[in-house]
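S.K.: I'd like to ask some things about the structure below.
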Amino acid sequence: MKGISAILAVFISMSAFGQSCIGKWITIDDDTNKKKSIVSLYRKDGIMYGKIEKLYPEKGRVANPKCTECEGALKNKPVVGLKIVRGMKWNGSVWTGGTIVDPENGETYSAKIWLDPDNSKRLKVRGYYGPFYRTQTWVRTE
């Protein structure tokens, strides 16, 4: 009986770890280290998605920009409200298998998302373009 309880406890803790990415996150500009936006990550039918909820003011940017560089259904959609994270599945340790869109250049990247193991208020978001990748750190907000 103890073995079953231990297995169940591990499963529950792994599930909770996957859930902990759900919430609102501040994105940080790679070059300036300034706040860029707030992205809300949420689950629907076990799949994680994320949309931009707020843009922080930026000199020279229009108040409600559109994703002019995006393609397909996202083309010319307002950036606020844009679903930029799509189709992420929990594999037991990270969210993977989905994509992330950069609304500044319209590029879509394969993605992997996980909580920083050293700080649960930090999220690692990695976008892949072939063998190349870039990892950003997002910060949890209320």
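Scheme for the structure tokens: letters A, B, ... for chains in order shown; per-chain residue numbers from 1; ligand numbers from 1 in order shown.
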Could you name the residues that touch Tyr129 of chain A at 10 Å or less, counting only C-alpha atoms, but leaving out those on the same chain fewer than 4 positions away, as a JSON list (two decimals) with N, CA and C atoms, in the first residue's frame?

M.R.:
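After the write, part_5.json holds the following:
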```json
[["chain", "number", "residue", "atom", "x", "y", "z"],
["A", 107, "GLU", "N", 7.22, 35.62, -36.77],
["A", 107, "GLU", "CA", 7.77, 34.26, -36.85],
["A", 107, "GLU", "C", 7.11, 33.34, -35.83],
["A", 108, "THR", "N", 6.90, 32.09, -36.24],
["A", 108, "THR", "CA", 6.38, 31.05, -35.36],
["A", 108, "THR", "C", 7.49, 30.06, -35.08],
["A", 109, "TYR", "N", 7.68, 29.74, -33.80],
["A", 109, "TYR", "CA", 8.75, 28.86, -33.37],
["A", 109, "TYR", "C", 8.19, 27.66, -32.63],
["A", 110, "SER", "N", 8.83, 26.51, -32.75],
["A", 110, "SER", "CA", 8.54, 25.39, -31.85],
["A", 110, "SER", "C", 8.92, 25.86, -30.46],
["A", 111, "ALA", "N", 8.25, 25.34, -29.44],
["A", 111, "ALA", "CA", 8.49, 25.88, -28.10],
["A", 111, "ALA", "C", 8.57, 24.81, -27.03],
["A", 133, "TYR", "N", 18.07, 28.03, -30.98],
["A", 133, "TYR", "CA", 17.03, 28.39, -30.01],
["A", 133, "TYR", "C", 17.45, 29.59, -29.19],
["A", 134, "ARG", "N", 16.43, 30.20, -28.57],
["A", 134, "ARG", "CA", 16.63, 31.31, -27.66],
["A", 134, "ARG", "C", 15.72, 31.09, -26.47]]
```

S.K.: Restricting the calculation to only C-alpha atoms, which member of A:Thr27, A:Thr141, A:Ser40, A:Asn33 is positioned closest to Lys124 of chain A?

M.R.: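 Once distances to Lys124 of chain A are computed over only C-alpha atoms, the minimum belongs to A:Thr27.
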
S.K.: Give the answer as one residue: which of A:Tyr49, A:Thr137, A:Leu115, A:Asp102 has the shortest atom-to-atom distance to Leu74 of chain A, using only C-alpha atoms?

M.R.: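 Distance minimum relative to Leu74 of chain A lands on A:Asp102.
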
S.K.: Considering only C-alpha atoms, state which residue in the set A:Glu71, A:Leu41, A:Glu142, A:Asp31 is at the smallest distance from Leu123 of chain A.

M.R.: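 Checking each candidate against Leu123 of chain A, we get A:Leu41 as the closest.
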
S.K.: Counting only C-alpha atoms, what is within 12 Å of Glu58 of chain A, bar same-chain residues fewer than 3 positions away, as a list of chain:residue names?

M.R.: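 The residues satisfying every condition are A:Asp29, A:Thr32, A:Lys34, A:Lys35, A:Lys36, A:Ser37, A:Leu55, A:Arg61, A:Val62, A:Ala63, A:Asn64, A:Pro65.
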
S.K.: Only N, CA and C atoms, please: the residues just picked out, written as a PDB file, in the first residue's frame.

M.R.:
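Below is the file result-v2.pdb, written as the result:
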```pdb
ATOM      1  N   ASP A  29      12.119  42.376 -22.248  1.00  0.00           N
ATOM      2  CA  ASP A  29      12.854  42.617 -23.485  1.00  0.00           C
ATOM      3  C   ASP A  29      14.297  42.145 -23.330  1.00  0.00           C
ATOM      4  N   THR A  32      16.769  45.465 -23.603  1.00  0.00           N
ATOM      5  CA  THR A  32      16.667  46.569 -22.647  1.00  0.00           C
ATOM      6  C   THR A  32      16.412  46.113 -21.206  1.00  0.00           C
ATOM      7  N   LYS A  34      13.620  45.691 -19.987  1.00  0.00           N
ATOM      8  CA  LYS A  34      12.399  46.349 -19.533  1.00  0.00           C
ATOM      9  C   LYS A  34      11.206  45.428 -19.744  1.00  0.00           C
ATOM     10  N   LYS A  35      10.152  45.649 -18.928  1.00  0.00           N
ATOM     11  CA  LYS A  35       8.916  44.894 -19.084  1.00  0.00           C
ATOM     12  C   LYS A  35       8.338  45.170 -20.458  1.00  0.00           C
ATOM     13  N   LYS A  36       7.896  44.093 -21.115  1.00  0.00           N
ATOM     14  CA  LYS A  36       7.351  44.235 -22.460  1.00  0.00           C
ATOM     15  C   LYS A  36       5.842  44.004 -22.499  1.00  0.00           C
ATOM     16  N   SER A  37       5.409  42.907 -21.869  1.00  0.00           N
ATOM     17  CA  SER A  37       3.991  42.565 -21.922  1.00  0.00           C
ATOM     18  C   SER A  37       3.643  41.644 -20.761  1.00  0.00           C
ATOM     19  N   LEU A  55       0.248  45.289 -23.018  1.00  0.00           N
ATOM     20  CA  LEU A  55       1.544  45.758 -23.503  1.00  0.00           C
ATOM     21  C   LEU A  55       1.961  46.928 -22.631  1.00  0.00           C
ATOM     22  N   ARG A  61       5.898  53.240 -30.251  1.00  0.00           N
ATOM     23  CA  ARG A  61       4.927  52.211 -30.627  1.00  0.00           C
ATOM     24  C   ARG A  61       3.522  52.777 -30.505  1.00  0.00           C
ATOM     25  N   VAL A  62       2.668  52.458 -31.466  1.00  0.00           N
ATOM     26  CA  VAL A  62       1.267  52.886 -31.402  1.00  0.00           C
ATOM     27  C   VAL A  62       0.599  52.216 -30.205  1.00  0.00           C
ATOM     28  N   ALA A  63      -0.493  52.804 -29.739  1.00  0.00           N
ATOM     29  CA  ALA A  63      -1.159  52.350 -28.517  1.00  0.00           C
ATOM     30  C   ALA A  63      -1.643  50.902 -28.606  1.00  0.00           C
ATOM     31  N   ASN A  64      -2.236  50.512 -29.701  1.00  0.00           N
ATOM     32  CA  ASN A  64      -2.743  49.143 -29.836  1.00  0.00           C
ATOM     33  C   ASN A  64      -2.258  48.567 -31.166  1.00  0.00           C
ATOM     34  N   PRO A  65      -0.996  48.135 -31.209  1.00  0.00           N
ATOM     35  CA  PRO A  65      -0.434  47.675 -32.487  1.00  0.00           C
ATOM     36  C   PRO A  65      -1.092  46.389 -32.982  1.00  0.00           C
TER      37      PRO A  65
END
```

S.K.: May I have all residues of segment 11-68 of chain A that DSSP, computed from the backbone, assigns to strand (DSSP E or B), given as a PyMOL selection string?

M.R.: chain A and resi 23-28+35-44+47-55+66

S.K.: For the residues selected in the previous step, produce a file with N, CA and C atoms as a CSV table (one decimal), in the first residue's frame.

M.R.:
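Final output, saved to out_31.csv:
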```
chain,number,residue,atom,x,y,z
A,23,GLY,N,-0.9,30.9,-15.4
A,23,GLY,CA,-1.0,32.1,-14.7
A,23,GLY,C,-0.6,33.3,-15.6
A,24,LYS,N,-0.3,34.4,-15.0
A,24,LYS,CA,0.1,35.6,-15.7
A,24,LYS,C,1.6,35.8,-15.5
A,25,TRP,N,2.3,36.1,-16.6
A,25,TRP,CA,3.7,36.3,-16.7
A,25,TRP,C,4.1,37.6,-17.4
A,26,ILE,N,5.1,38.3,-16.8
A,26,ILE,CA,5.6,39.5,-17.4
A,26,ILE,C,6.8,39.0,-18.4
A,27,THR,N,6.7,39.5,-19.6
A,27,THR,CA,7.8,39.2,-20.5
A,27,THR,C,8.8,40.4,-20.4
A,28,ILE,N,10.1,40.0,-20.6
A,28,ILE,CA,11.1,41.0,-20.5
A,28,ILE,C,11.9,41.1,-21.8
A,35,LYS,N,10.2,45.6,-18.9
A,35,LYS,CA,8.9,44.9,-19.1
A,35,LYS,C,8.3,45.2,-20.5
A,36,LYS,N,7.9,44.1,-21.1
A,36,LYS,CA,7.4,44.2,-22.5
A,36,LYS,C,5.8,44.0,-22.5
A,37,SER,N,5.4,42.9,-21.9
A,37,SER,CA,4.0,42.6,-21.9
A,37,SER,C,3.6,41.6,-20.8
A,38,ILE,N,2.3,41.4,-20.6
A,38,ILE,CA,1.8,40.4,-19.7
A,38,ILE,C,1.2,39.3,-20.6
A,39,VAL,N,1.6,38.1,-20.4
A,39,VAL,CA,1.0,36.9,-21.1
A,39,VAL,C,0.3,36.1,-20.1
A,40,SER,N,-0.9,35.7,-20.4
A,40,SER,CA,-1.7,34.8,-19.6
A,40,SER,C,-1.6,33.4,-20.2
A,41,LEU,N,-1.0,32.5,-19.4
A,41,LEU,CA,-1.0,31.0,-19.8
A,41,LEU,C,-2.2,30.3,-19.1
A,42,TYR,N,-2.9,29.6,-19.9
A,42,TYR,CA,-4.1,28.9,-19.4
A,42,TYR,C,-4.2,27.5,-20.1
A,43,ARG,N,-5.0,26.6,-19.5
A,43,ARG,CA,-5.2,25.3,-20.0
A,43,ARG,C,-6.6,25.1,-20.5
A,44,LYS,N,-6.7,24.4,-21.6
A,44,LYS,CA,-8.1,24.1,-22.1
A,44,LYS,C,-7.9,22.6,-22.7
A,47,ILE,N,-4.4,21.1,-22.8
A,47,ILE,CA,-3.5,21.8,-23.6
A,47,ILE,C,-3.3,23.2,-23.1
A,48,MET,N,-2.0,23.7,-23.1
A,48,MET,CA,-1.7,25.0,-22.6
A,48,MET,C,-1.6,26.0,-23.8
A,49,TYR,N,-2.2,27.2,-23.6
A,49,TYR,CA,-2.2,28.2,-24.5
A,49,TYR,C,-1.8,29.5,-23.8
A,50,GLY,N,-1.5,30.5,-24.5
A,50,GLY,CA,-1.1,31.8,-23.9
A,50,GLY,C,-1.5,33.0,-24.8
A,51,LYS,N,-2.0,34.0,-24.2
A,51,LYS,CA,-2.4,35.2,-25.0
A,51,LYS,C,-1.8,36.5,-24.3
A,52,ILE,N,-1.5,37.5,-25.1
A,52,ILE,CA,-1.1,38.7,-24.6
A,52,ILE,C,-2.2,39.5,-24.0
A,53,GLU,N,-2.1,39.9,-22.7
A,53,GLU,CA,-3.2,40.6,-22.1
A,53,GLU,C,-2.9,42.1,-22.0
A,54,LYS,N,-1.6,42.5,-22.0
A,54,LYS,CA,-1.3,43.9,-21.8
A,54,LYS,C,0.1,44.1,-22.4
A,55,LEU,N,0.2,45.3,-23.0
A,55,LEU,CA,1.5,45.8,-23.5
A,55,LEU,C,2.0,46.9,-22.6
A,66,LYS,N,-0.9,46.2,-34.3
A,66,LYS,CA,-1.4,45.0,-34.9
A,66,LYS,C,-0.2,44.1,-35.3
```

S.K.: What gap, in Å, lies between atom CA of Ile100 of chain A and atom CA of Gly127 of chain A?

M.R.: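 Spanning atom CA of Ile100 of chain A to atom CA of Gly127 of chain A is a straight-line distance of 6.8 Å.
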